[in-house]
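Novice: A single structure is presented below for examination.
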Protein chains: 2
Amino acid sequence: MTVSVRDVAAAASVSVGTVSNVLNRPDKVAPATVARVTAAIEELGFVRNDAARQLRAGRSRSIGLVVLDVRNPFFTDVARGAEDRAAEEGMTILLGNSDENTDRERAYLDLFEEQRVAGVLISPLADDLPRLQRLRDRGTTVVLVDREVPDRSFSSVAVDDVVGGYLAVRHLIETGRRRIAFVGGPASIRQVADRCEGARRAVAESAGVTLEIVPTESLSVLAGRAAAEGIRERAASARPDAIFAANDLLAMGVLQALMMQGGIDVPGEIALIGYDDIDFASAAVVPLSSIRQPAALIGYTAVDLMLKEAGGEAVQERVVFQPELVVRESTGVGA
Amino acid sequence: MTVSVRDVAAAASVSVGTVSNVLNRPDKVAPATVARVTAAIEELGFVRNDAARQLRAGRSRSIGLVVLDVRNPFFTDVARGAEDRAAEEGMTILLGNSDENTDRERAYLDLFEEQRVAGVLISPLADDLPRLQRLRDRGTTVVLVDREVPDRSFSSVAVDDVVGGYLAVRHLIETGRRRIAFVGGPASIRQVADRCEGARRAVAESAGVTLEIVPTESLSVLAGRAAAEGIRERAASARPDAIFAANDLLAMGVLQALMMQGGIDVPGEIALIGYDDIDFASAAVVPLSSIRQPAALIGYTAVDLMLKEAGGEAVQERVVFQPELVVRESTGVGA
DNA sequence: GTGCATGATTGAATCGTTTTAATTCAGTGA
DNA sequence: TCACTGAATTAAAACGATTCAATCATGCAC
């Protein structure tokens, strides 16, 4: 039924070795032969069997990527960047979505290991490092994405969230705000904690500036609305004059709740800044200032590191990117 | 370096055949032997080589899914549903993103064909049906997602967009609206054209109701804002009293532009309904009425059809789901 | 004690490609 | 004319799991 190199070889009256050479090193084959074999391939509709190829090669030409949440545009962008770098090498990305669930994460790692992927890029959950260790010990290179590990035993690509938080809040202070609120949670998520820490540092630098923490259950639009409704209900004097939200989804929720029925003006009464700079941010009712992370670059670099590490020198490298402030109307000058 | 069944067999002093049986039909092996082999697997850290397995089996245990846009929550949900059904069979989904680009689509099809996937699910671009035909002729089952083909040569799963458009506009009419505007484009996209057609039919049923078409360049938030700004600028008497947007992203943009600086009240002056019922819809400033498509179910069913078709009887089946009206505040009673 | 059925295990063949060492052949220089 | 070089091609040996026909025990009935 299926056409194999053997059939092609017969049709072109050459050996299978020559067919393989045409496929992989055409320059080693006489032009006339190449033409003949190519014609036979076309004629018979031959399609290479990747499984056989891999079996022989020992490793596949795919790279596994496990992310915490495919719905989050940040990770979609990371995947895109990874795909770009992989494509340069003729490789492909297998995308797995752990949904912040350890079992799913483990299932994908098992799958990828059975597939003998060239490497695994992962935004790991907190609790399964031994599994990664084992994976690595068995010969699969692993690169951590947006997460570092204290003992430096893995290569990693991350963004400095402390700096990001600092940038956001310093910007608020520089534009004249004094009573800052940090909206975000749960604090167990490293990114949230780091961004809050950055905010704290910026506040500590300036006399007369206060920081209030408004915790949320999650990083969703709804959680943001809930938090902001609490703020709306306060007396005007008890409200902050600026809000730093731990991500853009929260910030969108905050924005909606504040402005509801012509309530509190943004940025007139309260300035607002988010984090991640998702596409929606610039399209909000009041375009949102935010902290941009080079998501695609993170993915790109992660693949790069993986290839380098797999390609011989057992280097463990840690790359940390700096986030960037994006100023839009939501942090314009106050009323 | 890597551990093979051979090594496991040696360690457990059994034959490779027995190891394979333990892996695949443990009930055919004596319990004591199972235990011994399992221990050896654990001990040596054996991991099955999927390539070898596939090679022997002839087909892989993966299913290829090519979507038009991973950033669109609709497709993410389709993928999720497909994943669920695949998991029931111990299979996995390979997700490819064509980004509405023919070259990328083709590249994914080539890749999937080389991988000998069990089947391909695809939301195809308009212009490459011959490629799919060829793929199918070579033995790979193909199921179309959210797109049908006139000659019924492929199985397909879709949603009736004409009905969806009809439902949306009939709802607007039933709640007392008379001057309806359809915002959406480009008309070359089948979904847009069908939804508009549905709107037309609903309007045709009721005397005294008018339909105006406001074309847009794309289906994005920004395009929606632009369209709505045009409407805002009109004299109040020339404005529609209801807007049906071709998808939720457009609707969000429309909503933002209408309400800007306490401009036009929604639903007081203008009612608004979208399409897709994305998560954001319920979290909008004014929660958005919408038409829900069973995205996950579409994915689930597509895999189901594929398995059925691949599993013997060469049935070509076409499944069409009915969309569902979701009423929220944005189409509440007028002022 | 022989014959048989049943269950457990084995060994070899197989999937389709890549790779390496071996072979062929034409051309070159001595 | 012979030996030799280099390019082009070939044949066979992998890669690692699965499968199937064949073998080996074991227990049971007669």
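Each chain of the structure tokens is named A, B, ... in the order shown, its residues numbered from 1; ligands are numbered from 1 in display order.
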Tell me as a PyMOL selection string which residues belonging to chain B come within 8 Å of chain A, counting only C-alpha atoms.
Specialist: chain B and resi 2+47-52+54-55+70-71+73+76+94-95+113-116+138+221-222+253+256-257+260-262+280+283-285
Novice: Take the residues that were just selected and, keeping C-alpha atoms, output them as a CSV table (one decimal), in the first residue's frame.
Specialist:
chain,number,residue,atom,x,y,z
B,2,THR,CA,19.7,4.1,26.0
B,47,VAL,CA,11.4,4.2,28.3
B,48,ARG,CA,9.6,2.9,25.3
B,49,ASN,CA,10.9,4.2,22.0
B,50,ASP,CA,7.9,5.5,20.2
B,51,ALA,CA,9.5,5.6,16.8
B,52,ALA,CA,10.2,1.9,16.8
B,54,GLN,CA,5.2,3.3,15.2
B,55,LEU,CA,7.4,1.9,12.6
B,70,VAL,CA,-4.3,29.8,17.8
B,71,ARG,CA,-4.9,33.1,19.4
B,73,PRO,CA,-10.2,31.3,21.9
B,76,THR,CA,-8.2,26.8,21.5
B,94,LEU,CA,-0.5,17.7,17.3
B,95,LEU,CA,-1.5,21.3,17.0
B,113,GLU,CA,1.9,13.0,6.5
B,114,GLU,CA,5.5,12.1,7.2
B,115,GLN,CA,4.6,11.4,10.7
B,116,ARG,CA,1.9,9.0,9.5
B,138,ARG,CA,-2.8,8.3,0.0
B,221,VAL,CA,-11.3,44.7,18.5
B,222,LEU,CA,-9.8,47.7,16.7
B,253,GLY,CA,-14.6,47.1,20.2
B,256,GLN,CA,-15.9,50.4,24.0
B,257,ALA,CA,-16.4,53.0,21.3
B,260,MET,CA,-16.6,56.1,25.6
B,261,GLN,CA,-16.9,59.1,27.9
B,262,GLY,CA,-20.5,58.3,28.7
B,280,PHE,CA,-14.2,37.9,27.7
B,283,ALA,CA,-16.6,40.0,31.6
B,284,ALA,CA,-17.2,43.1,29.5
B,285,VAL,CA,-18.2,46.4,31.0
Novice: Counting only C-alpha atoms (C1' of nucleotides), collect the residues of chain C whose closest atom lies at most 7 Å from chain B, and write them out as a list in words.
Specialist: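 For chain C, the answer reads DA8, DT9, DT10 and DC15 of chain C.
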Novice: How close does each residue of chain D get to chain A, giving the shortest atom pair and distance in Å to one decimal for every residue with an atom at most 8 Å away, counting only C-alpha atoms (C1' of nucleotides), sorted by chain and residue number, as JSON lines?
Specialist:
{"residue": "D:DA8", "atom": "C1'", "partner": "A:Val29", "partner_atom": "CA", "distance": 6.8}
{"residue": "D:DT9", "atom": "C1'", "partner": "A:Thr18", "partner_atom": "CA", "distance": 7.0}
{"residue": "D:DT10", "atom": "C1'", "partner": "A:Ser15", "partner_atom": "CA", "distance": 6.3}
{"residue": "D:DA14", "atom": "C1'", "partner": "A:Arg56", "partner_atom": "CA", "distance": 7.9}
{"residue": "D:DC15", "atom": "C1'", "partner": "A:Arg56", "partner_atom": "CA", "distance": 4.5}
{"residue": "D:DG16", "atom": "C1'", "partner": "A:Leu55", "partner_atom": "CA", "distance": 7.4}
Novice: Include N, CA and C atoms (P, O5', C5', C4', C3', O3' and C1' of nucleotides) and write out the residues we just selected as a PDB file, in the first residue's frame.
Specialist:
ATOM      1  P    DA D   8      30.172  12.491  -8.565  1.00  0.00           P
ATOM      2  O5'  DA D   8      29.671  10.979  -8.658  1.00  0.00           O
ATOM      3  C5'  DA D   8      29.811  10.282  -9.891  1.00  0.00           C
ATOM      4  C4'  DA D   8      29.196   8.910  -9.761  1.00  0.00           C
ATOM      5  C3'  DA D   8      27.817   8.895  -9.093  1.00  0.00           C
ATOM      6  O3'  DA D   8      26.943   8.161  -9.941  1.00  0.00           O
ATOM      7  C1'  DA D   8      29.274   7.347  -8.032  1.00  0.00           C
ATOM      8  P    DT D   9      25.390   7.962  -9.510  1.00  0.00           P
ATOM      9  O5'  DT D   9      25.477   6.550  -8.791  1.00  0.00           O
ATOM     10  C5'  DT D   9      25.935   5.422  -9.535  1.00  0.00           C
ATOM     11  C4'  DT D   9      26.138   4.244  -8.610  1.00  0.00           C
ATOM     12  C3'  DT D   9      24.896   3.822  -7.843  1.00  0.00           C
ATOM     13  O3'  DT D   9      24.421   2.610  -8.409  1.00  0.00           O
ATOM     14  C1'  DT D   9      26.903   3.662  -6.538  1.00  0.00           C
ATOM     15  P    DT D  10      23.131   1.916  -7.794  1.00  0.00           P
ATOM     16  O5'  DT D  10      23.825   0.869  -6.824  1.00  0.00           O
ATOM     17  C5'  DT D  10      24.754  -0.069  -7.345  1.00  0.00           C
ATOM     18  C4'  DT D  10      25.288  -0.921  -6.218  1.00  0.00           C
ATOM     19  C3'  DT D  10      24.217  -1.635  -5.409  1.00  0.00           C
ATOM     20  O3'  DT D  10      24.511  -3.021  -5.401  1.00  0.00           O
ATOM     21  C1'  DT D  10      25.761  -0.521  -3.974  1.00  0.00           C
ATOM     22  P    DA D  14      25.358  -4.948  12.577  1.00  0.00           P
ATOM     23  O5'  DA D  14      23.764  -4.761  12.684  1.00  0.00           O
ATOM     24  C5'  DA D  14      23.207  -4.056  13.780  1.00  0.00           C
ATOM     25  C4'  DA D  14      23.202  -2.563  13.493  1.00  0.00           C
ATOM     26  C3'  DA D  14      22.124  -1.845  14.272  1.00  0.00           C
ATOM     27  O3'  DA D  14      22.736  -1.057  15.265  1.00  0.00           O
ATOM     28  C1'  DA D  14      21.968  -1.373  11.918  1.00  0.00           C
ATOM     29  P    DC D  15      22.249  -1.210  16.763  1.00  0.00           P
ATOM     30  O5'  DC D  15      21.153  -0.089  16.981  1.00  0.00           O
ATOM     31  C5'  DC D  15      21.198   1.189  16.369  1.00  0.00           C
ATOM     32  C4'  DC D  15      19.806   1.703  16.190  1.00  0.00           C
ATOM     33  C3'  DC D  15      18.796   1.093  17.165  1.00  0.00           C
ATOM     34  O3'  DC D  15      18.629   1.969  18.266  1.00  0.00           O
ATOM     35  C1'  DC D  15      17.930   1.227  14.914  1.00  0.00           C
ATOM     36  P    DG D  16      18.633   1.336  19.755  1.00  0.00           P
ATOM     37  O5'  DG D  16      17.135   0.837  19.942  1.00  0.00           O
ATOM     38  C5'  DG D  16      16.081   1.768  19.832  1.00  0.00           C
ATOM     39  C4'  DG D  16      14.780   1.017  19.771  1.00  0.00           C
ATOM     40  C3'  DG D  16      14.603  -0.038  20.853  1.00  0.00           C
ATOM     41  O3'  DG D  16      13.297   0.091  21.347  1.00  0.00           O
ATOM     42  C1'  DG D  16      14.178  -0.980  18.774  1.00  0.00           C
TER      43       DG D  16
END
Novice: For the alpha helix (DSSP H) assignment from backbone DSSP, which residues of stretch 56-303 of chain A qualify? Please present them as a ChimeraX atom specification.
Specialist: /A:56-57,73-88,102-114,129-137,161-174,190-205,221-232,248-259,279-282,295-303
Novice: Give the strand (DSSP E) residues of stretch 74-278 of chain B, as DSSP finds them on the backbone, and put them as a count of residues only.
Specialist: 39
Novice: Would you mind listing what lies within 12 Å of A:Gly176 as a list in words, with only C-alpha atoms (C1' of nucleotides) counted and same-chain residues fewer than 3 positions away left out?
Specialist: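 The filter keeps Val169, Arg170, His171, Leu172, Ile173, Arg179, Ile180, Ser206, Gly208, Val209, Asp241, Ala242, Pro267, Gly268, Glu269, Ile270, Ala271, Thr331, Gly332, Val333, Gly334 and Ala335 of chain A.
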